[in-house]
>>> print(open('query25.cif').read())   # mmCIF, C-alpha atoms
data_coords
#
loop_
_atom_site.label_atom_id
_atom_site.label_comp_id
_atom_site.auth_asym_id
_atom_site.auth_seq_id
_atom_site.Cartn_x
_atom_site.Cartn_y
_atom_site.Cartn_z
CA LEU A 1 4.79 11.52 20.59
CA ARG A 2 6.37 9.92 23.67
CA ALA A 3 3.18 7.93 24.30
CA GLY A 4 3.42 6.49 20.78
CA ARG A 5 6.95 5.33 21.44
CA ARG A 6 5.85 3.59 24.63
CA LEU A 7 3.15 1.75 22.66
CA GLY A 8 5.71 0.61 20.09
CA ILE A 9 4.59 3.04 17.38
CA GLY A 10 7.72 4.55 15.88
CA ASN A 11 6.21 6.03 12.70
CA LEU A 12 6.30 9.81 12.96
CA GLY A 13 3.09 10.26 10.98
CA TRP A 14 1.02 8.08 13.31
CA ARG A 15 2.53 9.64 16.43
CA ALA A 16 1.97 13.21 15.19
CA LEU A 17 -1.47 12.64 13.64
CA PRO A 18 -3.62 13.61 16.68
CA ALA A 19 -1.65 16.83 17.24
CA LEU A 20 -1.71 17.72 13.53
CA ALA A 21 -5.48 17.15 13.36
CA ARG A 22 -6.09 19.24 16.46
CA GLU A 23 -3.77 22.15 15.65
CA GLY A 24 -4.68 22.22 11.96
CA SER A 25 -8.37 22.46 12.84
CA ARG A 26 -7.66 25.24 15.33
CA LEU A 27 -5.70 27.29 12.80
CA LEU A 28 -8.31 26.86 10.07
CA ARG A 29 -11.07 27.79 12.50
CA GLU A 30 -9.37 30.90 13.91
CA GLU A 31 -7.61 32.30 10.81
CA ARG A 32 -8.23 32.62 7.09
CA PHE A 33 -6.37 30.31 4.70
CA ASP A 34 -6.74 29.88 0.94
CA LEU A 35 -4.99 26.53 0.54
CA VAL A 36 -3.51 23.63 2.52
CA TYR A 37 -0.31 22.10 1.08
CA PHE A 38 0.87 18.63 2.15
CA SER A 39 4.53 17.97 1.31
CA THR A 40 5.51 14.88 3.27
CA THR A 41 6.10 11.16 2.93
CA GLN A 42 4.03 10.56 6.09
CA PHE A 43 1.05 9.57 3.97
CA ILE A 44 -1.25 8.80 6.88
CA CYS A 45 -1.53 12.57 7.41
CA LEU A 46 -2.87 13.30 3.92
CA PRO A 47 -6.54 12.35 4.59
CA LEU A 48 -6.65 15.32 6.96
CA GLY A 49 -7.02 17.37 3.76
CA ARG A 50 -10.41 15.74 3.06
CA ARG A 51 -11.53 16.37 6.64
CA TRP A 52 -10.55 20.04 6.54
CA LEU A 53 -12.06 20.51 3.06
CA ARG A 54 -15.41 19.28 4.30
CA ARG A 55 -15.30 21.18 7.57
CA PHE A 56 -13.75 24.49 6.50
CA GLY A 57 -14.05 24.53 2.71
CA VAL A 58 -10.30 25.04 2.21
CA PRO A 59 -8.87 23.15 -0.82
CA PHE A 60 -5.72 21.07 -0.43
CA VAL A 61 -2.77 20.06 -2.62
CA VAL A 62 -0.68 16.91 -2.18
CA ASP A 63 3.02 16.77 -3.05
CA LEU A 64 4.12 13.18 -3.80
CA GLN A 65 7.82 12.90 -2.98
CA ASP A 66 7.49 9.10 -3.15
CA PRO A 67 4.66 6.89 -4.41
CA TRP A 68 1.98 6.40 -1.75
CA LEU A 69 0.81 3.06 -3.15
CA ASN A 70 3.87 1.13 -4.31
CA ASP A 71 3.98 -2.31 -5.94
CA TYR A 72 7.79 -2.69 -5.76
CA TYR A 73 7.79 -5.52 -3.20
CA SER A 74 5.04 -7.43 -5.03
CA ARG A 75 7.03 -7.70 -8.27
CA PRO A 76 8.63 -11.04 -9.24
CA GLY A 77 12.08 -11.39 -7.70
CA ALA A 78 11.65 -8.45 -5.31
CA PRO A 79 13.18 -8.77 -1.82
CA ARG A 80 11.03 -9.42 1.23
CA PRO A 81 9.32 -6.17 2.32
CA PRO A 82 10.62 -4.61 5.55
CA GLY A 83 8.55 -4.11 8.66
CA GLY A 84 6.52 -7.34 8.73
CA TRP A 85 2.91 -6.73 9.80
CA LYS A 86 3.49 -2.97 9.92
CA TYR A 87 4.30 -2.96 6.21
CA ARG A 88 1.17 -4.99 5.47
CA VAL A 89 -0.98 -2.54 7.46
CA ALA A 90 0.60 0.45 5.70
CA SER A 91 -0.03 -1.14 2.28
CA ALA A 92 -3.66 -1.88 3.12
CA LEU A 93 -4.19 1.71 4.27
CA ALA A 94 -2.55 3.05 1.11
CA SER A 95 -4.90 0.96 -1.03
CA ALA A 96 -7.91 2.19 0.95
CA LEU A 97 -6.99 5.87 1.29
CA GLU A 98 -4.97 6.94 -1.76
CA GLY A 99 -7.78 7.08 -4.32
CA ARG A 100 -10.41 8.81 -2.18
CA THR A 101 -7.86 11.32 -0.83
CA LEU A 102 -6.36 12.31 -4.18
CA ARG A 103 -9.77 12.48 -5.83
CA ASP A 104 -10.75 15.25 -3.39
CA ALA A 105 -7.38 17.05 -3.75
CA ALA A 106 -7.39 20.27 -5.76
CA HIS A 107 -4.11 19.16 -7.39
CA VAL A 108 -1.23 16.71 -7.11
CA VAL A 109 2.41 17.84 -7.35
CA SER A 110 4.97 15.11 -7.97
CA VAL A 111 8.76 14.99 -8.12
CA SER A 112 8.51 12.31 -10.83
CA PRO A 113 6.34 12.15 -13.96
CA ARG A 114 6.15 8.38 -13.51
CA TYR A 115 4.18 8.74 -10.28
CA LEU A 116 1.54 10.80 -12.11
CA ASP A 117 1.46 8.24 -14.93
CA ASP A 118 0.83 5.49 -12.36
CA LEU A 119 -2.07 7.46 -10.88
CA ALA A 120 -3.59 7.94 -14.36
CA ARG A 121 -3.39 4.19 -15.01
CA ARG A 122 -4.90 3.38 -11.62
CA TYR A 123 -7.76 5.93 -11.61
CA PRO A 124 -9.79 6.84 -14.72
CA TRP A 125 -10.69 10.22 -13.18
CA PHE A 126 -7.03 11.28 -12.83
CA GLY A 127 -6.48 13.34 -15.99
CA PRO A 128 -3.43 15.36 -17.14
CA ARG A 129 -4.71 18.60 -15.61
CA ARG A 130 -4.82 17.09 -12.12
CA GLY A 131 -1.05 16.80 -11.71
CA THR A 132 2.14 18.84 -12.17
CA VAL A 133 5.77 17.70 -12.05
CA ILE A 134 8.00 19.92 -9.89
CA PRO A 135 11.20 18.06 -8.92
CA PHE A 136 13.46 18.52 -5.94
CA GLY A 137 15.80 21.44 -6.53
CA TRP A 138 18.93 23.07 -5.11
CA SER A 139 19.52 26.17 -3.04
CA ARG A 140 22.24 28.71 -3.78
CA ILE A 141 22.08 29.92 -0.17
CA ASP A 142 22.56 26.37 1.15
CA LEU A 143 25.64 25.89 -1.05
CA GLU A 144 27.14 29.19 0.08
CA THR A 145 26.51 28.28 3.72
CA SER A 146 28.00 24.80 3.32
CA ALA A 147 31.17 26.33 1.84
CA ARG A 148 31.91 27.83 5.25
CA ARG A 149 31.61 24.48 7.05
CA VAL A 150 34.51 22.20 7.85
CA CYS A 151 33.31 18.61 7.72
CA ALA A 152 35.51 15.58 8.28
CA SER A 153 35.54 12.88 5.63
CA PRO A 154 33.21 10.01 6.63
CA THR A 155 35.22 7.08 8.00
CA PRO A 156 38.23 7.73 5.72
CA LEU A 157 40.69 5.08 4.61
CA ASN A 158 43.80 6.49 6.23
CA SER A 159 46.12 4.21 4.25
CA THR A 160 45.44 5.84 0.88
CA THR A 161 45.54 9.24 -0.76
CA ALA A 162 43.47 8.01 -3.71
CA PRO A 163 40.87 10.35 -5.19
CA ARG A 164 37.60 10.29 -3.26
CA VAL A 165 34.30 9.43 -4.95
CA ARG A 166 31.40 10.11 -2.59
CA TYR A 167 27.80 8.97 -2.36
CA LEU A 168 25.56 10.56 0.26
CA GLY A 169 22.06 9.34 1.05
CA ARG A 170 19.87 6.28 1.22
CA VAL A 171 21.00 2.98 -0.25
CA GLY A 172 18.17 0.43 -0.37
CA PRO A 173 17.82 -3.04 -1.87
CA ASP A 174 16.35 -1.42 -5.01
CA MET A 175 19.81 0.09 -5.66
CA ARG A 176 21.78 -3.13 -5.28
CA PRO A 177 21.87 -3.89 -9.06
CA ALA A 178 23.41 -0.46 -9.71
CA LEU A 179 25.98 -1.04 -6.97
CA ASP A 180 26.81 -4.52 -8.27
CA HIS A 181 27.38 -3.17 -11.78
CA LEU A 182 29.53 -0.31 -10.49
CA PHE A 183 31.84 -2.41 -8.32
CA ARG A 184 32.07 -5.28 -10.83
CA ARG A 185 33.22 -2.82 -13.50
CA TYR A 186 35.53 -1.02 -11.07
CA ALA A 187 37.10 -4.29 -9.88
CA ALA A 188 37.81 -5.30 -13.49
CA TRP A 189 39.40 -1.89 -14.16
CA VAL A 190 41.64 -2.21 -11.09
CA ARG A 191 42.79 -5.69 -12.11
CA ARG A 192 43.88 -4.43 -15.54
CA ARG A 193 46.05 -1.66 -14.13
CA ALA A 194 49.78 -2.22 -13.56
CA ASP A 195 50.48 1.09 -11.78
CA GLY A 196 48.29 0.50 -8.70
CA LYS A 197 45.99 3.45 -9.37
CA ARG A 198 42.73 3.21 -7.46
CA LEU A 199 39.78 5.20 -6.18
CA GLN A 200 38.43 5.58 -2.67
CA TRP A 201 34.66 5.13 -2.49
CA GLU A 202 33.06 6.90 0.47
CA PHE A 203 29.41 6.29 1.35
CA ALA A 204 27.65 8.17 4.13
CA GLY A 205 24.09 8.46 5.40
CA THR A 206 23.07 5.21 3.70
CA SER A 207 20.53 4.37 6.42
CA TYR A 208 17.53 6.38 7.66
CA ASP A 209 18.72 5.64 11.21
CA PRO A 210 21.19 8.28 12.54
CA ARG A 211 22.49 5.66 15.00
CA ALA A 212 23.15 2.94 12.41
CA ALA A 213 26.57 1.32 12.59
CA GLY A 214 28.47 -1.51 10.97
CA ALA A 215 28.64 -2.67 7.36
CA GLY A 216 25.87 -1.28 5.20
CA PRO A 217 24.57 -2.21 1.75
CA ALA A 218 27.39 -0.46 -0.13
CA ALA A 219 30.04 -2.35 1.85
CA LEU A 220 28.29 -5.65 1.14
CA ALA A 221 28.23 -4.95 -2.61
CA ALA A 222 31.91 -3.96 -2.61
CA ARG A 223 32.78 -7.13 -0.68
CA ALA A 224 30.97 -9.25 -3.27
CA ALA A 225 33.15 -7.69 -6.00
CA GLY A 226 36.36 -8.08 -3.96
CA VAL A 227 37.05 -4.35 -3.54
CA GLU A 228 35.88 -3.86 0.04
CA ASP A 229 39.27 -2.40 1.02
CA HIS A 230 38.63 0.45 -1.45
CA LEU A 231 35.45 1.55 0.33
CA SER A 232 34.33 3.14 3.59
CA GLU A 233 30.73 3.47 4.71
CA GLN A 234 29.09 5.46 7.48
CA ALA A 235 25.54 4.15 7.55
CA GLY A 236 24.18 6.70 10.04
CA ARG A 237 22.51 9.79 8.61
CA ILE A 238 24.46 13.04 8.46
CA ALA A 239 23.29 16.65 8.54
CA TYR A 240 22.20 18.24 5.26
CA LEU A 241 24.73 21.08 5.26
CA ASP A 242 27.50 18.65 6.18
CA SER A 243 26.51 16.51 3.20
CA LEU A 244 26.78 19.52 0.88
CA ALA A 245 30.21 20.34 2.31
CA LEU A 246 31.35 16.77 1.60
CA LEU A 247 29.98 16.85 -1.95
CA ARG A 248 31.79 20.14 -2.62
CA SER A 249 35.14 18.80 -1.38
CA SER A 250 35.08 15.42 -3.16
CA ASP A 251 37.07 14.50 -6.26
CA ALA A 252 33.85 13.14 -7.80
CA ASN A 253 30.30 12.28 -6.74
CA LEU A 254 28.03 9.32 -7.43
CA ILE A 255 24.29 9.07 -8.20
CA LEU A 256 22.62 5.65 -7.99
CA GLY A 257 19.47 4.65 -9.81
CA SER A 258 16.77 2.32 -8.54
CA GLU A 259 14.86 -0.69 -9.80
CA ASP A 260 11.88 1.67 -9.47
CA SER A 261 12.05 3.40 -12.87
CA GLY A 262 10.08 6.38 -11.48
CA TYR A 263 12.66 7.12 -8.78
CA SER A 264 13.82 10.76 -8.81
CA PRO A 265 16.67 11.23 -6.29
CA SER A 266 16.46 14.44 -4.26
CA LYS A 267 20.23 14.76 -4.48
CA ILE A 268 20.47 15.24 -8.28
CA TRP A 269 20.43 19.02 -8.46
CA PRO A 270 22.39 19.88 -5.28
CA LEU A 271 25.05 17.38 -6.35
CA LEU A 272 25.34 18.83 -9.87
CA ALA A 273 25.35 22.38 -8.49
CA CYS A 274 28.39 21.51 -6.35
CA GLY A 275 30.36 21.54 -9.61
CA ARG A 276 32.33 18.33 -9.14
CA PRO A 277 32.75 15.49 -11.67
CA TRP A 278 29.91 12.98 -11.40
CA LEU A 279 28.89 9.47 -12.31
CA ALA A 280 25.26 8.30 -12.50
CA ILE A 281 24.11 4.69 -12.95
CA ALA A 282 20.50 4.53 -14.08
CA GLY A 283 18.13 2.09 -15.68
CA GLN A 284 16.83 2.75 -19.17
CA PRO A 285 14.08 3.74 -19.35
CA SER A 286 13.96 5.65 -16.09
CA VAL A 287 13.15 9.13 -14.83
CA LEU A 288 16.73 9.56 -13.57
CA ALA A 289 18.16 8.91 -17.05
CA ASP A 290 15.58 11.24 -18.59
CA TRP A 291 16.57 14.06 -16.21
CA LEU A 292 20.32 13.69 -16.76
CA ARG A 293 20.66 12.84 -20.46
CA PRO A 294 19.91 16.32 -21.91
CA LEU A 295 21.97 18.26 -19.36
CA ALA A 296 25.14 20.02 -20.46
CA VAL A 297 26.73 19.58 -17.04
CA ALA A 298 30.24 18.16 -17.33
CA PRO A 299 32.48 16.40 -16.67
CA GLY A 300 30.13 13.54 -15.96
CA HIS A 301 29.09 10.15 -17.23
CA LEU A 302 25.60 8.65 -17.37
CA GLU A 303 25.86 4.85 -17.40
CA THR A 304 22.55 3.39 -18.57
CA LEU A 305 21.59 -0.23 -17.94
CA PRO A 306 18.74 -2.07 -19.61
CA GLY A 307 15.31 -2.17 -18.00
CA PRO A 308 15.46 -1.17 -15.39
CA LEU A 309 18.85 -2.18 -13.91
CA ALA A 310 19.89 -5.51 -15.40
CA ALA A 311 23.65 -5.54 -15.89
CA PRO A 312 24.74 -5.55 -19.57
CA GLU A 313 27.81 -7.15 -21.00
CA PRO A 314 30.72 -4.67 -21.24
CA GLY A 315 30.29 -2.57 -24.36
CA PRO A 316 30.45 1.10 -25.37
CA ASP A 317 29.03 2.22 -22.03
CA GLY A 318 31.50 0.03 -20.22
CA ASP A 319 34.39 1.57 -22.16
CA ALA A 320 33.12 5.04 -21.26
CA LEU A 321 32.91 4.00 -17.61
CA ASP A 322 36.54 2.81 -17.72
CA THR A 323 37.51 6.19 -19.17
CA TRP A 324 35.68 7.93 -16.34
CA PHE A 325 37.54 5.81 -13.73
CA GLU A 326 40.80 6.70 -15.47
CA ARG A 327 40.16 10.45 -15.50
CA ILE A 328 39.20 10.55 -11.82
CA ALA A 329 42.16 8.36 -10.81
CA LEU A 330 44.55 10.72 -12.63
CA ARG A 331 42.65 13.80 -11.33
CA ASP A 332 42.27 14.78 -14.97
CA ALA A 333 38.68 16.09 -14.68
CA THR A 334 38.56 19.84 -14.25
CA THR A 335 35.81 21.66 -12.35
CA PRO A 336 33.16 22.75 -14.87
CA PRO A 337 31.79 26.29 -15.05
CA PRO A 338 28.22 26.82 -13.77
CA SER A 339 25.64 25.47 -16.20
CA ASP A 340 22.55 27.38 -17.30
CA ASP A 341 20.72 24.04 -17.25
CA LEU A 342 20.69 24.17 -13.44
CA GLU A 343 18.95 27.55 -13.17
CA ALA A 344 15.53 26.04 -13.84
CA TYR A 345 15.96 23.80 -10.79
CA GLU A 346 17.21 26.45 -8.37
CA ALA A 347 15.00 27.00 -5.30
CA LYS A 348 13.78 30.41 -6.42
CA SER A 349 12.62 29.09 -9.80
CA LEU A 350 10.82 26.13 -8.27
CA ALA A 351 9.18 28.35 -5.62
CA GLU A 352 7.86 30.57 -8.42
CA ARG A 353 6.39 27.52 -10.16
CA HIS A 354 4.63 26.53 -6.93
CA ALA A 355 3.32 30.06 -6.42
CA ARG A 356 1.88 30.24 -9.96
CA LEU A 357 0.17 26.87 -9.45
CA PHE A 358 -1.31 27.91 -6.09
CA ASN A 359 -2.57 31.20 -7.50
CA ARG A 360 -4.25 29.38 -10.37
CA LEU A 361 -5.94 26.94 -8.01
CA ILE A 362 -7.40 29.68 -5.81
CA GLY A 363 -8.40 31.81 -8.79
CA ASP A 364 -5.83 34.57 -8.32
CA ASP A 365 -4.20 35.32 -11.70
CA SER A 366 -2.52 38.54 -10.60
CA SER A 367 1.00 37.05 -10.48
#
>>> encode(input="query25.cif", output="structure tokens")
Amino acid sequence: LRAGRRLGIGNLGWRALPALAREGSRLLREERFDLVYFSTTQFICLPLGRRWLRRFGVPFVVDLQDPWLNDYYSRPGAPRPPGGWKYRVASALASALEGRTLRDAAHVVSVSPRYLDDLARRYPWFGPRRGTVIPFGWSRIDLETSARRVCASPTPLNSTTAPRVRYLGRVGPDMRPALDHLFRRYAAWVRRRADGKRLQWEFAGTSYDPRAAGAGPAALAARAAGVEDHLSEQAGRIAYLDSLALLRSSDANLILGSEDSGYSPSKIWPLLACGRPWLAIAGQPSVLADWLRPLAVAPGHLETLPGPLAAPEPGPDGDALDTWFERIALRDATTPPPSDDLEAYEAKSLAERHARLFNRLIGDDSS
């Protein structure tokens, strides 16, 4: 790994690939395994499944947490892709390796049904029985552990005691339309108020870099709407249990949708399980809206924007969003009781779904 850094290769998958190939081969040679399961966004490691299948006869399953081959940056109006030549190399490798790797896979698990739909459109051989949707879930043990942690608020605004609305996790350019809609609507709500009521928006972990500093994408969107003094942002990543502690202690929490209509945020279920009021801004149609719409988890508001995140003129949804701002500002949203809707997405339930799938693939129907 250190040698990769010295050569200017920062990608963890590339740096770990030789060691993974060597140690994986050793384990498969010396011990008996029924299945290899890849659950990673380091896609360059996935072709090892084909190599081990041919050498050891052990089938492999791929879990797609993100799309491997992604056309987001090639769409009209998309921002310039990050990474320069490295991005171009990664895209070329994805085009060359995705199809032949997934064709040899025993099965594909995906957090989003849209990713499986994309594979079916791209490859005639990818039928419905080749993929299963199992989303990111939440852990009861993690929530109980986080309740015992004391975590400081990320870069708080010391001059206000306004209710805190928190967003934890990545904010990319694909989320900028959702942010622009949110802060434009919030700024208009603030201007109409005569009593000075406001909210404090706290964003943390918005960059993948734990050392990131300075204004991040959320701060830039708030500045464009003229409400930058209502927001604080800590761009550097924060620890998972600390993030749960912050979500549990907030007055409300925020979920942002993406211009990628297949995007399925990993934070949905842990955030809802924290039992705080929530606001989600999602394109319609989108997987995020499909997940949230049927849930009886309140108090919350799903703000849907037309396809996928173009801002609408204020209308019924806008009025509902104003009402949500009002309730949070007045601390008028009570903590909801646990919802049965969340049980299907608890870690134990999702682990059982994985186990049943694995048993079926290796021909063991005893479970």
>>> resolve_selection(input="query25.cif", expression="the PyMOL selection byres ((chain A and resi 184-188) around 12)", output="VMD selection string")
chain A and resid 176 to 183 189 to 193 197 to 201 221 to 231 281 303 311 to 315 317 to 326 329
>>> closest_atom_pairs(input="query25.cif", of="range 100-182 of chain A", to="range 20-38 of chain A", cutoff="12 Å", atoms="all atoms listed in the file", output="tab-separated table")
residue	atom	partner	partner_atom	distance
A:Thr101	CA	A:Phe38	CA	11.8
A:Leu102	CA	A:Phe38	CA	11.5
A:Ala105	CA	A:Val36	CA	9.9
A:Ala106	CA	A:Leu35	CA	9.2
A:His107	CA	A:Tyr37	CA	9.7
A:Val108	CA	A:Phe38	CA	9.7
A:Val109	CA	A:Phe38	CA	9.7
A:Ser110	CA	A:Phe38	CA	11.5
>>> closest_residue(input="query25.cif", among="A:Ala273, A:Leu93, A:Leu256, A:Leu143", to="Gly172 in chain A", atoms="all atoms listed in the file")
A:Leu256
>>> resolve_selection(input="query25.cif", expression="the PyMOL selection byres ((chain A and resi 255) around 9)", output="ChimeraX atom specification")
/A:167-168,253-254,256-257,265,267-268,271,278-282
>>> residues_around(input="query25.cif", residues="Pro270 in chain A", least_positions_apart="4", cutoff="8 Å", atoms="all atoms listed in the file", output="PyMOL selection string")
chain A and resi 137-139+244+274
>>> residues_around(input="query25.cif", residues="Ser207 in chain A", least_positions_apart="6", cutoff="6 Å", atoms="only C-alpha atoms", output="PyMOL selection string")
chain A and resi 170+235-236
>>> atom_distance(input="query25.cif", atom1="CA of Ser349 in chain A", atom2="CA of Arg140 in chain A")
11.4 Å
>>> closest_residue(input="query25.cif", among="A:Trp68, A:Ala90, A:Thr304, A:Pro82", to="Ser258 in chain A", atoms="all atoms listed in the file")
A:Thr304
>>> atom_distance(input="query25.cif", atom1="CA of Leu97 in chain A", atom2="CA of Gly49 in chain A")
11.8 Å
>>> resolve_selection(input="query25.cif", expression="the PyMOL selection byres ((chain A and resi 43) around 8)", output="NGL selection string")
:A and (13 or 40-42 or 44-46 or 68 or 94)
>>> atom_distance(input="query25.cif", atom1="CA of Ala218 in chain A", atom2="CA of Arg327 in chain A")
22.8 Å
>>> closest_residue(input="query25.cif", among="A:Tyr263, A:Trp125, A:Trp269, A:Phe136", to="His354 in chain A", atoms="all atoms listed in the file")
A:Phe136
>>> axis_aligned_box(input="query25.cif", around="range 252-257 of chain A", padding_each_side="3 Å", output="JSON")
{"center_x": 26.7, "center_y": 8.9, "center_z": -8.3, "size_x": 20.4, "size_y": 14.5, "size_z": 9.1}
>>> closest_residue(input="query25.cif", among="A:Gln65, A:Ser39, A:Gln284, A:Ser249", to="Arg164 in chain A", atoms="only C-alpha atoms")
A:Ser249
>>> closest_residue(input="query25.cif", among="A:Ser261, A:Ala204, A:Pro113, A:Arg88", to="Met175 in chain A", atoms="all atoms listed in the file")
A:Ser261
>>> closest_residue(input="query25.cif", among="A:Pro163, A:Pro67, A:Pro294, A:Pro217", to="Leu342 in chain A", atoms="all atoms listed in the file")
A:Pro294
